[in-house]
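Below is one structure; the comments refer to it alone.
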Amino acid sequence: MSSSRVGLRLAACLLNISEARRKYIVENIAKAALLDKNGKKHPQVSVLNIFSDQDYNRSVITIATSVDKLGSSVLAACLEAFQAIDMEVEEGIHPCLGAVDLIPIYPLSGVTVEE
């Protein structure tokens, strides 16, 4: 049975942040995506991967969940990034637009790109 038949509408965000050298900051940003507004772990949200490039001083955090939960999870991670990353002192070989400079979202199951 396909996942769309059982109602799963999943999407992923590959959140690009301007930090890789301070692992604890990257991990705190990823953890923020996992928590609900009461600070408890949301069981339907997963951080699938964290890729960090030290030279570029950038990390990509892959967050996957239902389409309904993705927005709030990504927003929580972005807010943590904005608070934790000081762009006045950030440096790396990649030009940065901000603490968060790319938020691509990809459909995984039961949802189309247009949605």
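To be explicit about the labels: the chains of the structure tokens are called A, B, and onward in the order shown, and within each one the residues are counted from 1, while ligands get numbers from 1 in the order they are shown.
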Worksheet item: If you run DSSP on this backbone, which residues of chain A come out as strand (DSSP E or B), and could you give them as a PyMOL selection string?
Response: chain A and resi 10-17+35+41+46-53+58-66+100-102+105-109
Worksheet entry | Å distance separating atom CA of Asp55 of chain A from atom CA of Ser18 of chain A, one decimal place |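 That distance, rounded to one decimal, is 11.3 Å.
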Worksheet item: Quick one: residues within 6 Å of Ser66 of chain A, only C-alpha atoms counted, chain neighbours fewer than 2 positions away excluded, as a ChimeraX atom specification?
Response: /A:9-10,68-69
Fill in: Contacts of Ser72 of chain A within 10 Å, only C-alpha atoms, excl. fewer than 4 positions in-chain, as a list of chain:residue names
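Answer for this query is A:Ala33, A:Leu34, A:Leu35, A:Asp36, A:Lys37, A:Val67, A:Asp68, A:Ala76, A:Ala77, A:Cys78.
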Go ahead and save the picked residues with N, CA, C and O atoms, as a compact mmCIF listing (two decimals), in the first residue's frame.
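Final output, out-v1.txt:
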# COMPACT_ATOMS: atom_id res chain seq x y z
N ALA A 33 14.21 22.14 16.06
CA ALA A 33 13.23 21.64 15.08
C ALA A 33 12.44 20.47 15.63
O ALA A 33 11.32 20.21 15.19
N LEU A 34 13.00 19.76 16.59
CA LEU A 34 12.37 18.55 17.13
C LEU A 34 11.37 18.81 18.25
O LEU A 34 10.62 17.92 18.63
N LEU A 35 11.37 20.02 18.77
CA LEU A 35 10.55 20.31 19.95
C LEU A 35 9.26 21.03 19.58
O LEU A 35 9.25 21.88 18.69
N ASP A 36 8.19 20.71 20.31
CA ASP A 36 6.94 21.45 20.10
C ASP A 36 6.99 22.76 20.89
O ASP A 36 7.99 23.05 21.55
N LYS A 37 5.93 23.53 20.84
CA LYS A 37 5.96 24.85 21.49
C LYS A 37 6.06 24.78 23.01
O LYS A 37 6.37 25.75 23.66
N VAL A 67 3.52 17.41 6.34
CA VAL A 67 3.41 18.75 5.76
C VAL A 67 2.85 19.73 6.79
O VAL A 67 3.28 20.88 6.87
N ASP A 68 1.92 19.27 7.61
CA ASP A 68 1.30 20.14 8.61
C ASP A 68 2.27 20.60 9.70
O ASP A 68 2.09 21.66 10.26
N ALA A 76 10.99 27.06 14.12
CA ALA A 76 11.67 26.95 15.42
C ALA A 76 13.19 26.86 15.22
O ALA A 76 13.96 27.49 15.95
N ALA A 77 13.63 26.09 14.23
CA ALA A 77 15.06 25.98 13.95
C ALA A 77 15.63 27.32 13.46
O ALA A 77 16.72 27.72 13.87
N CYS A 78 14.88 28.00 12.62
CA CYS A 78 15.33 29.31 12.13
C CYS A 78 15.46 30.32 13.26
O CYS A 78 16.44 31.07 13.32
Discussion item. Just want the 10 Å neighbourhood of Ser59 of chain A, counted on only C-alpha atoms, with same-chain residues fewer than 4 positions away dropped. Output as a VMD selection string.
Written reply: chain A and resid 14 to 21 23 26 50 to 54 100
Worksheet entry | Members of segment 58-95 of chain A assigned helix (DSSP H, G or I) by DSSP, as a VMD selection string | chain A and resid 67 to 84
Export of prior selection with N, CA, C and O atoms as an mmCIF file, in the first residue's frame:
data_model
loop_
_atom_site.group_PDB
_atom_site.id
_atom_site.type_symbol
_atom_site.label_atom_id
_atom_site.label_comp_id
_atom_site.auth_asym_id
_atom_site.auth_seq_id
_atom_site.Cartn_x
_atom_site.Cartn_y
_atom_site.Cartn_z
ATOM 1 N N VAL A 67 3.519 17.409 6.343
ATOM 2 C CA VAL A 67 3.405 18.749 5.762
ATOM 3 C C VAL A 67 2.845 19.730 6.792
ATOM 4 O O VAL A 67 3.277 20.879 6.874
ATOM 5 N N ASP A 68 1.923 19.272 7.612
ATOM 6 C CA ASP A 68 1.297 20.135 8.613
ATOM 7 C C ASP A 68 2.265 20.597 9.703
ATOM 8 O O ASP A 68 2.094 21.665 10.264
ATOM 9 N N LYS A 69 3.258 19.806 10.018
ATOM 10 C CA LYS A 69 4.202 20.124 11.098
ATOM 11 C C LYS A 69 5.490 20.781 10.598
ATOM 12 O O LYS A 69 6.240 21.352 11.392
ATOM 13 N N LEU A 70 5.771 20.680 9.307
ATOM 14 C CA LEU A 70 7.060 21.135 8.797
ATOM 15 C C LEU A 70 7.287 22.626 9.028
ATOM 16 O O LEU A 70 8.361 23.032 9.456
ATOM 17 N N GLY A 71 6.290 23.436 8.775
ATOM 18 C CA GLY A 71 6.442 24.884 8.931
ATOM 19 C C GLY A 71 6.856 25.283 10.329
ATOM 20 O O GLY A 71 7.799 26.070 10.509
ATOM 21 N N SER A 72 6.194 24.740 11.333
ATOM 22 C CA SER A 72 6.523 25.120 12.711
ATOM 23 C C SER A 72 7.888 24.573 13.127
ATOM 24 O O SER A 72 8.626 25.223 13.873
ATOM 25 N N SER A 73 8.258 23.401 12.637
ATOM 26 C CA SER A 73 9.576 22.840 12.961
ATOM 27 C C SER A 73 10.699 23.664 12.347
ATOM 28 O O SER A 73 11.695 23.964 13.001
ATOM 29 N N VAL A 74 10.528 24.021 11.094
ATOM 30 C CA VAL A 74 11.546 24.823 10.409
ATOM 31 C C VAL A 74 11.629 26.212 11.035
ATOM 32 O O VAL A 74 12.718 26.739 11.250
ATOM 33 N N LEU A 75 10.493 26.804 11.358
ATOM 34 C CA LEU A 75 10.489 28.123 11.986
ATOM 35 C C LEU A 75 11.219 28.091 13.327
ATOM 36 O O LEU A 75 12.014 28.992 13.629
ATOM 37 N N ALA A 76 10.991 27.058 14.121
ATOM 38 C CA ALA A 76 11.674 26.947 15.416
ATOM 39 C C ALA A 76 13.192 26.857 15.224
ATOM 40 O O ALA A 76 13.964 27.493 15.947
ATOM 41 N N ALA A 77 13.629 26.090 14.230
ATOM 42 C CA ALA A 77 15.063 25.978 13.949
ATOM 43 C C ALA A 77 15.625 27.315 13.465
ATOM 44 O O ALA A 77 16.719 27.715 13.873
ATOM 45 N N CYS A 78 14.883 28.003 12.623
ATOM 46 C CA CYS A 78 15.334 29.310 12.127
ATOM 47 C C CYS A 78 15.460 30.321 13.263
ATOM 48 O O CYS A 78 16.441 31.073 13.324
ATOM 49 N N LEU A 79 14.494 30.343 14.146
ATOM 50 C CA LEU A 79 14.551 31.275 15.285
ATOM 51 C C LEU A 79 15.775 30.997 16.159
ATOM 52 O O LEU A 79 16.461 31.924 16.589
ATOM 53 N N GLU A 80 16.064 29.721 16.388
ATOM 54 C CA GLU A 80 17.259 29.357 17.164
ATOM 55 C C GLU A 80 18.520 29.805 16.432
ATOM 56 O O GLU A 80 19.449 30.334 17.046
ATOM 57 N N ALA A 81 18.554 29.625 15.118
ATOM 58 C CA ALA A 81 19.716 30.052 14.328
ATOM 59 C C ALA A 81 19.905 31.561 14.406
ATOM 60 O O ALA A 81 21.026 32.043 14.584
ATOM 61 N N PHE A 82 18.825 32.308 14.285
ATOM 62 C CA PHE A 82 18.917 33.775 14.336
ATOM 63 C C PHE A 82 19.444 34.242 15.683
ATOM 64 O O PHE A 82 20.179 35.220 15.765
ATOM 65 N N GLN A 83 19.076 33.536 16.756
ATOM 66 C CA GLN A 83 19.532 33.918 18.091
ATOM 67 C C GLN A 83 20.971 33.485 18.366
ATOM 68 O O GLN A 83 21.705 34.165 19.085
ATOM 69 N N ALA A 84 21.388 32.359 17.778
ATOM 70 C CA ALA A 84 22.689 31.777 18.131
ATOM 71 C C ALA A 84 23.846 32.198 17.225
ATOM 72 O O ALA A 84 24.994 32.131 17.644
#
Practice prompt. State, in Å with one decimal place, the distance from atom CA of Pro104 of chain A to atom CA of Ala12 of chain A.
Written response: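 One can read the atom CA of Pro104 of chain A to atom CA of Ala12 of chain A distance as 8.4 Å.
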Discussion item. Considering only C-alpha atoms, can you say which of A:Ile61, A:Pro43, A:Glu115, A:Asp101 comes closest to Asn28 of chain A?
Written reply: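 When distances to Asn28 of chain A are compared using only C-alpha atoms, the smallest one comes from A:Ile61.
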Worksheet item: A:Ala64, A:Asn57, A:Ala32, A:Ile85: which is nearest Pro107 of chain A, counting only C-alpha atoms?
Response: A:Ala64
Worksheet, complete the sentence: What separates atom CA of Asn38 of chain A and atom CA of Thr65 of chain A is a distance of 18.0 Å
Identify, on the basis of only C-alpha atoms, every residue whose closest approach to Tyr106 of chain A does not exceed 8 Å; exclude the query and any residue fewer than 3 positions from it along the same chain; express the result as a short mmCIF file (atom, residue, chain, number, x, y, z; two decimals) with C-alpha atoms, in the first residue's frame.
data_model
loop_
_atom_site.label_atom_id
_atom_site.label_comp_id
_atom_site.auth_asym_id
_atom_site.auth_seq_id
_atom_site.Cartn_x
_atom_site.Cartn_y
_atom_site.Cartn_z
CA ALA A 11 8.00 16.64 3.20
CA ALA A 12 11.61 17.49 4.03
CA CYS A 13 13.49 20.74 4.44
CA VAL A 113 5.62 20.19 -5.46
#
